[in-house]
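entry_11.cif (mmCIF, C-alpha atoms) appears below.
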```
data_coords
#
loop_
_atom_site.label_atom_id
_atom_site.label_comp_id
_atom_site.auth_asym_id
_atom_site.auth_seq_id
_atom_site.Cartn_x
_atom_site.Cartn_y
_atom_site.Cartn_z
CA MET S 82 71.67 116.00 61.35
CA ASN S 83 72.42 112.26 61.33
CA GLU S 84 69.75 109.96 59.94
CA PRO S 85 68.35 107.48 62.49
CA ALA S 86 68.13 103.79 61.70
CA ILE S 87 64.42 103.58 62.49
CA SER S 88 61.57 106.08 62.07
CA VAL S 89 58.36 105.30 63.94
CA VAL S 90 55.32 107.12 62.54
CA VAL S 91 52.31 107.55 64.83
CA PRO S 92 49.10 109.09 63.41
CA LEU S 93 47.06 110.75 66.18
CA TYR S 94 43.57 112.17 66.37
CA ASN S 95 42.14 113.07 69.79
CA GLU S 96 44.30 110.64 71.75
CA GLU S 97 45.26 112.90 74.68
CA GLU S 98 44.90 110.11 77.27
CA ASN S 99 46.78 107.54 75.21
CA VAL S 100 49.79 109.61 74.11
CA PRO S 101 51.79 109.63 77.40
CA ILE S 102 51.32 105.87 77.84
CA LEU S 103 52.21 105.13 74.23
CA GLN S 104 55.28 107.32 74.38
CA ALA S 105 56.55 105.49 77.47
CA GLU S 106 55.94 102.12 75.81
CA LEU S 107 57.73 103.21 72.65
CA ALA S 108 60.74 104.40 74.63
CA ASN S 109 60.94 101.01 76.33
CA ALA S 110 60.50 99.01 73.09
CA LEU S 111 63.09 101.10 71.23
CA ARG S 112 65.71 101.17 73.97
CA GLY S 113 69.13 100.59 72.42
CA ILE S 114 67.83 101.23 68.88
CA ASP S 115 68.84 104.37 66.98
CA HIS S 116 65.44 105.90 66.25
CA GLU S 117 63.15 108.86 65.85
CA ILE S 118 59.42 109.05 66.60
CA ILE S 119 57.21 111.15 64.34
CA PHE S 120 53.86 112.00 65.88
CA VAL S 121 51.41 113.28 63.27
CA ASP S 122 48.61 115.22 64.94
CA ASP S 123 45.71 114.98 62.51
CA GLY S 124 43.97 118.20 63.57
CA SER S 125 43.08 117.01 67.08
CA THR S 126 40.55 119.14 68.95
CA ASP S 127 41.74 118.04 72.39
CA ALA S 128 45.13 118.34 74.14
CA THR S 129 46.84 115.58 72.16
CA ALA S 130 49.68 117.75 70.82
CA ASN S 131 50.37 119.24 74.25
CA ARG S 132 50.65 115.80 75.84
CA ILE S 133 53.55 114.78 73.60
CA ALA S 134 56.82 114.98 75.54
CA ARG S 135 59.39 116.69 73.34
CA SER S 136 62.95 115.34 73.08
CA PRO S 137 65.71 115.14 70.43
CA GLU S 138 64.23 111.82 69.23
CA VAL S 139 60.69 113.19 68.90
CA ARG S 140 59.32 115.15 65.96
CA VAL S 141 55.78 116.50 65.75
CA VAL S 142 53.89 117.17 62.53
CA GLN S 143 50.62 119.06 63.03
CA PHE S 144 47.79 119.45 60.51
CA GLU S 145 45.70 122.62 60.56
CA ARG S 146 42.53 120.51 60.47
CA ASN S 147 41.56 116.85 60.43
CA ALA S 148 42.55 115.24 57.12
CA GLY S 149 42.18 111.55 57.96
CA GLN S 150 44.38 108.58 58.83
CA SER S 151 45.68 108.11 55.29
CA ALA S 152 46.91 111.71 55.12
CA ALA S 153 48.58 111.41 58.53
CA MET S 154 50.36 108.20 57.53
CA PHE S 155 51.44 109.59 54.16
CA ALA S 156 52.82 112.79 55.69
CA GLY S 157 54.60 110.92 58.46
CA LEU S 158 56.19 108.40 56.11
CA HIS S 159 57.45 111.15 53.83
CA ALA S 160 58.90 112.97 56.84
CA ALA S 161 60.73 109.83 58.00
CA ARG S 162 64.52 109.91 57.77
CA GLY S 163 65.29 106.35 58.89
CA SER S 164 66.19 103.51 56.55
CA ILE S 165 63.26 101.59 58.05
CA ALA S 166 59.87 103.20 58.71
CA VAL S 167 57.40 101.74 61.20
CA LEU S 168 53.69 102.55 61.37
CA ILE S 169 51.79 102.15 64.65
CA ASP S 170 48.38 103.31 65.84
CA GLY S 171 48.08 105.97 68.52
CA ASP S 172 45.20 104.30 70.38
CA LEU S 173 47.31 101.71 72.30
CA GLN S 174 45.69 98.76 70.53
CA ASN S 175 48.97 98.01 68.74
CA ASP S 176 51.77 96.87 71.06
CA PRO S 177 55.11 98.71 70.67
CA ALA S 178 56.84 95.60 72.03
CA ASP S 179 56.24 93.98 68.63
CA ILE S 180 58.33 96.58 66.77
CA PRO S 181 61.72 94.80 67.19
CA ARG S 182 60.18 91.66 65.66
CA LEU S 183 59.06 93.61 62.59
CA ILE S 184 62.50 95.17 62.24
CA ALA S 185 64.11 91.73 62.46
CA GLU S 186 62.04 90.55 59.47
CA ILE S 187 63.26 93.53 57.43
CA GLU S 188 66.83 92.68 58.36
CA ARG S 189 66.17 89.11 57.15
CA GLY S 190 65.26 90.38 53.69
CA ALA S 191 61.63 91.52 53.69
CA ASP S 192 60.77 94.90 52.20
CA LEU S 193 57.42 95.27 53.97
CA VAL S 194 56.33 93.48 57.14
CA CYS S 195 52.62 93.52 57.99
CA GLY S 196 51.38 92.61 61.43
CA TYR S 197 48.14 90.67 61.69
CA ARG S 198 45.99 90.53 64.80
CA ALA S 199 45.86 86.81 65.63
CA LYS S 200 43.63 87.42 68.67
CA ARG S 201 41.59 90.57 68.07
CA LYS S 202 40.14 92.47 71.00
CA ASP S 203 37.13 93.82 69.11
CA THR S 204 33.40 93.17 69.06
CA LEU S 205 32.11 90.07 67.25
CA VAL S 206 30.41 92.21 64.59
CA LYS S 207 33.61 94.14 63.91
CA ARG S 208 35.66 90.94 63.68
CA ILE S 209 33.23 89.30 61.24
CA THR S 210 32.87 92.34 58.96
CA SER S 211 36.63 92.85 58.97
CA ARG S 212 37.24 89.22 58.05
CA VAL S 213 34.84 89.41 55.11
CA ALA S 214 36.31 92.73 53.93
CA ASN S 215 39.86 91.40 54.16
CA PHE S 216 38.90 88.25 52.23
CA VAL S 217 37.36 90.24 49.37
CA ARG S 218 40.06 92.92 49.25
CA SER S 219 42.93 90.42 49.42
CA ARG S 220 41.77 88.50 46.39
CA PHE S 221 40.57 91.49 44.39
CA THR S 222 43.77 93.53 44.76
CA LYS S 223 46.02 90.43 44.96
CA ASP S 224 47.89 91.69 48.03
CA TYR S 225 47.19 88.34 49.80
CA VAL S 226 47.32 90.00 53.22
CA ARG S 227 44.96 88.66 55.89
CA ASP S 228 44.61 91.81 58.00
CA THR S 229 45.28 95.09 56.23
CA GLY S 230 43.36 96.89 58.98
CA CYS S 231 46.26 96.32 61.36
CA THR S 232 48.27 99.54 61.28
CA LEU S 233 51.44 97.96 62.69
CA LYS S 234 53.83 97.66 59.75
CA ALA S 235 57.50 98.14 58.96
CA MET S 236 58.98 98.94 55.57
CA ARG S 237 62.21 99.92 53.89
CA ARG S 238 62.18 103.64 53.17
CA GLU S 239 62.28 103.09 49.41
CA CYS S 240 58.85 101.40 49.65
CA VAL S 241 57.33 104.78 50.52
CA GLY S 242 57.78 105.79 46.89
CA ALA S 243 55.16 103.20 45.87
CA LEU S 244 52.44 104.92 47.91
CA LEU S 245 50.02 107.45 46.45
CA PRO S 246 48.26 110.28 48.34
CA PHE S 247 44.57 109.36 48.29
CA LYS S 248 41.88 108.95 50.94
CA GLY S 249 41.76 105.28 51.89
CA LEU S 250 45.47 104.71 51.27
CA HIS S 251 45.91 103.09 54.69
CA ARG S 252 43.86 100.07 53.55
CA PHE S 253 45.96 99.46 50.43
CA ILE S 254 49.57 99.92 51.53
CA PRO S 255 50.36 96.19 51.02
CA ALA S 256 48.68 96.12 47.59
CA LEU S 257 50.63 99.12 46.31
CA ILE S 258 53.97 97.99 47.70
CA ARG S 259 53.58 94.39 46.54
CA GLY S 260 52.37 95.68 43.18
CA ALA S 261 55.61 97.65 42.85
CA GLY S 262 57.57 94.41 43.11
CA TYR S 263 58.66 94.48 46.75
CA LYS S 264 58.80 91.43 49.03
CA LEU S 265 56.08 91.26 51.69
CA VAL S 266 55.77 89.05 54.76
CA GLU S 267 53.24 88.84 57.62
CA ILE S 268 53.74 88.08 61.29
CA PRO S 269 51.22 87.76 64.16
CA VAL S 270 51.19 90.69 66.58
CA ASN S 271 49.55 91.49 69.87
CA HIS S 272 46.23 93.34 69.87
CA ARG S 273 44.82 95.13 72.89
CA SER S 274 41.43 96.50 73.87
CA ARG S 275 40.93 100.25 73.61
CA LYS S 276 40.97 101.83 77.07
CA PHE S 277 40.61 105.54 76.28
CA GLY S 278 38.89 107.50 73.56
CA VAL S 279 36.60 106.16 70.85
CA SER S 280 37.12 104.43 67.53
CA LYS S 281 37.22 106.83 64.58
CA TYR S 282 35.57 104.30 62.26
CA GLY S 283 32.13 102.73 62.04
CA LEU S 284 30.65 100.18 59.68
CA GLY S 285 28.77 102.85 57.72
CA ASN S 286 31.76 105.05 56.96
CA ARG S 287 34.00 102.18 55.85
CA ALA S 288 32.13 99.78 53.60
CA ILE S 289 31.17 102.01 50.67
CA ARG S 290 34.41 104.02 50.66
CA ALA S 291 36.54 100.88 50.92
CA THR S 292 34.69 99.25 48.01
CA VAL S 293 35.14 102.28 45.75
CA ASP S 294 38.81 102.53 46.71
CA MET S 295 39.29 98.82 46.03
CA PHE S 296 38.11 99.20 42.43
CA GLY S 297 40.36 102.24 42.02
CA VAL S 298 43.44 100.44 43.32
CA ARG S 299 42.70 97.38 41.15
CA TRP S 300 42.48 99.66 38.08
CA LEU S 301 45.69 101.46 39.05
CA LEU S 302 47.62 98.21 39.48
CA SER S 303 46.37 96.98 36.11
CA ARG S 304 47.72 100.15 34.46
CA GLN S 305 51.23 100.05 35.92
CA LEU S 306 54.18 100.65 33.64
CA LYS S 307 56.35 97.56 33.47
CA TYR S 308 59.72 97.58 31.74
CA ARG S 309 63.35 96.53 32.16
CA LEU S 310 66.45 98.21 30.84
CA LYS S 311 68.83 96.23 28.66
CA ASP S 312 72.12 95.24 30.26
#
```
When written as C-alpha cells, how does the structure in this file appear?
Amino acid sequence: MNEPAISVVVPLYNEEENVPILQAELANALRGIDHEIIFVDDGSTDATANRIARSPEVRVVQFERNAGQSAAMFAGLHAARGSIAVLIDGDLQNDPADIPRLIAEIERGADLVCGYRAKRKDTLVKRITSRVANFVRSRFTKDYVRDTGCTLKAMRRECVGALLPFKGLHRFIPALIRGAGYKLVEIPVNHRSRKFGVSKYGLGNRAIRATVDMFGVRWLLSRQLKYRLKD
C-alpha cells in the first residue's frame, strides 16, 4: 500500500452529530492532496463510529473503552503513514480549511506547526483561565507556545518519536518536540463555537492534572540525553 503524503488524525469521543459535517469539510479542505484520515474513536458510547463514512482514504481506530484525548492522539499519530501528520479536533471548533496553511509551513522548513486561536469562541472564564495556564506552562516548560490547547497542529512524521505515552500528553506536544531539537512555528487559525455535543473538559479536571504534568515534563526535559557523534 502506497504511503500518503498527509495523515490527518482526528480523536473522537461522542461526536456523532459532528462527524458527518467534519468529514465533508475535511474532504473539501484536502481536495487535490494525497492524504489519509485516521479517526480514533476513544470508546464513544453513542453512534460516532457508525457515522464515519468509510472509503479508501479513511481508517478507523477504535478503543474498547474511553482512554482520553492523549491516548487517542498518540495512537493516531503512531498509526499515521504520511510524511506529515496533522492533528485536528473532532468537535468542529477547529477549521479544516486551515490545514493547507499548516502544511505550507512544514514545506517551508518547520518541523512542527502549532495553530493558535486568535479569536476564541469560548466563555470569558475559559479564555482567562486558558491564558493564565498557557503563560505559566510556556515559561515553565520553555516551549514558548501561546496556545497549546489548540489541537490543530502539523508535524513531520519523525517528530512523533519525541512523544511519550502519558495522560496529559496533548498539552505538552510542543514542549517535547521542541525539547528534542525540532523547529517549531505558530500561525493564527480560525476557531468556531461548538454547535453539537458538550466539552469533555472542565476547570476542575484540568488545573491540578495539568500542574502535576507540567512538573513531570520539566523534570523529563532536564534529564534528556544530549550528545553528538564525532565526524
Atom CA of Glu97 of chain S to atom CA of Phe253 of chain S, distance in Å rounded to a single decimal: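 Going from atom CA of Glu97 of chain S over to atom CA of Phe253 of chain S, I get 27.7 Å.
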Residue among S:Ile184, S:Leu244, S:Val89, S:Ala256 lying closest to Ile119 of chain S, counting all atoms listed in the file: S:Val89
Run the PyMOL selection byres ((chain S and resi 228) around 8) on the file and write out the hits as a JSON list (two decimals) with C-alpha atoms, keeping the file's coordinate frame.
```
[["chain", "number", "residue", "atom", "x", "y", "z"],
["S", 196, "GLY", "CA", 51.38, 92.61, 61.43],
["S", 197, "TYR", "CA", 48.14, 90.67, 61.69],
["S", 198, "ARG", "CA", 45.99, 90.53, 64.80],
["S", 212, "ARG", "CA", 37.24, 89.22, 58.05],
["S", 215, "ASN", "CA", 39.86, 91.40, 54.16],
["S", 226, "VAL", "CA", 47.32, 90.00, 53.22],
["S", 227, "ARG", "CA", 44.96, 88.66, 55.89],
["S", 229, "THR", "CA", 45.28, 95.09, 56.23],
["S", 230, "GLY", "CA", 43.36, 96.89, 58.98],
["S", 231, "CYS", "CA", 46.26, 96.32, 61.36]]
```
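Here atom CA of Pro181 of chain S is placed at a distance of 7.6 Å from atom CA of Leu111 of chain S.
Of the listed residues S:Asp122, S:Glu145, S:Glu106, S:Glu96, the one whose atoms come nearest to Ile180 of chain S is S:Glu106, with distances taken using only C-alpha atoms.
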Result set of the PyMOL selection byres ((chain S and resi 240) around 9) on the coordinates above, as a short mmCIF file (atom, residue, chain, number, x, y, z; two decimals) with C-alpha atoms, keeping the file's coordinate frame:
```cif
data_model
loop_
_atom_site.label_atom_id
_atom_site.label_comp_id
_atom_site.auth_asym_id
_atom_site.auth_seq_id
_atom_site.Cartn_x
_atom_site.Cartn_y
_atom_site.Cartn_z
CA ASP S 192 60.77 94.90 52.20
CA LEU S 193 57.42 95.27 53.97
CA MET S 236 58.98 98.94 55.57
CA ARG S 237 62.21 99.92 53.89
CA ARG S 238 62.18 103.64 53.17
CA GLU S 239 62.28 103.09 49.41
CA VAL S 241 57.33 104.78 50.52
CA GLY S 242 57.78 105.79 46.89
CA ALA S 243 55.16 103.20 45.87
CA LEU S 244 52.44 104.92 47.91
CA ILE S 258 53.97 97.99 47.70
CA ALA S 261 55.61 97.65 42.85
CA TYR S 263 58.66 94.48 46.75
#
```
All residues 6 Å or closer to Val167 of chain S, all atoms listed in the file, same chain fewer than 6 positions away omitted, as an NGL selection string: :S and (89-90 or 234-235)
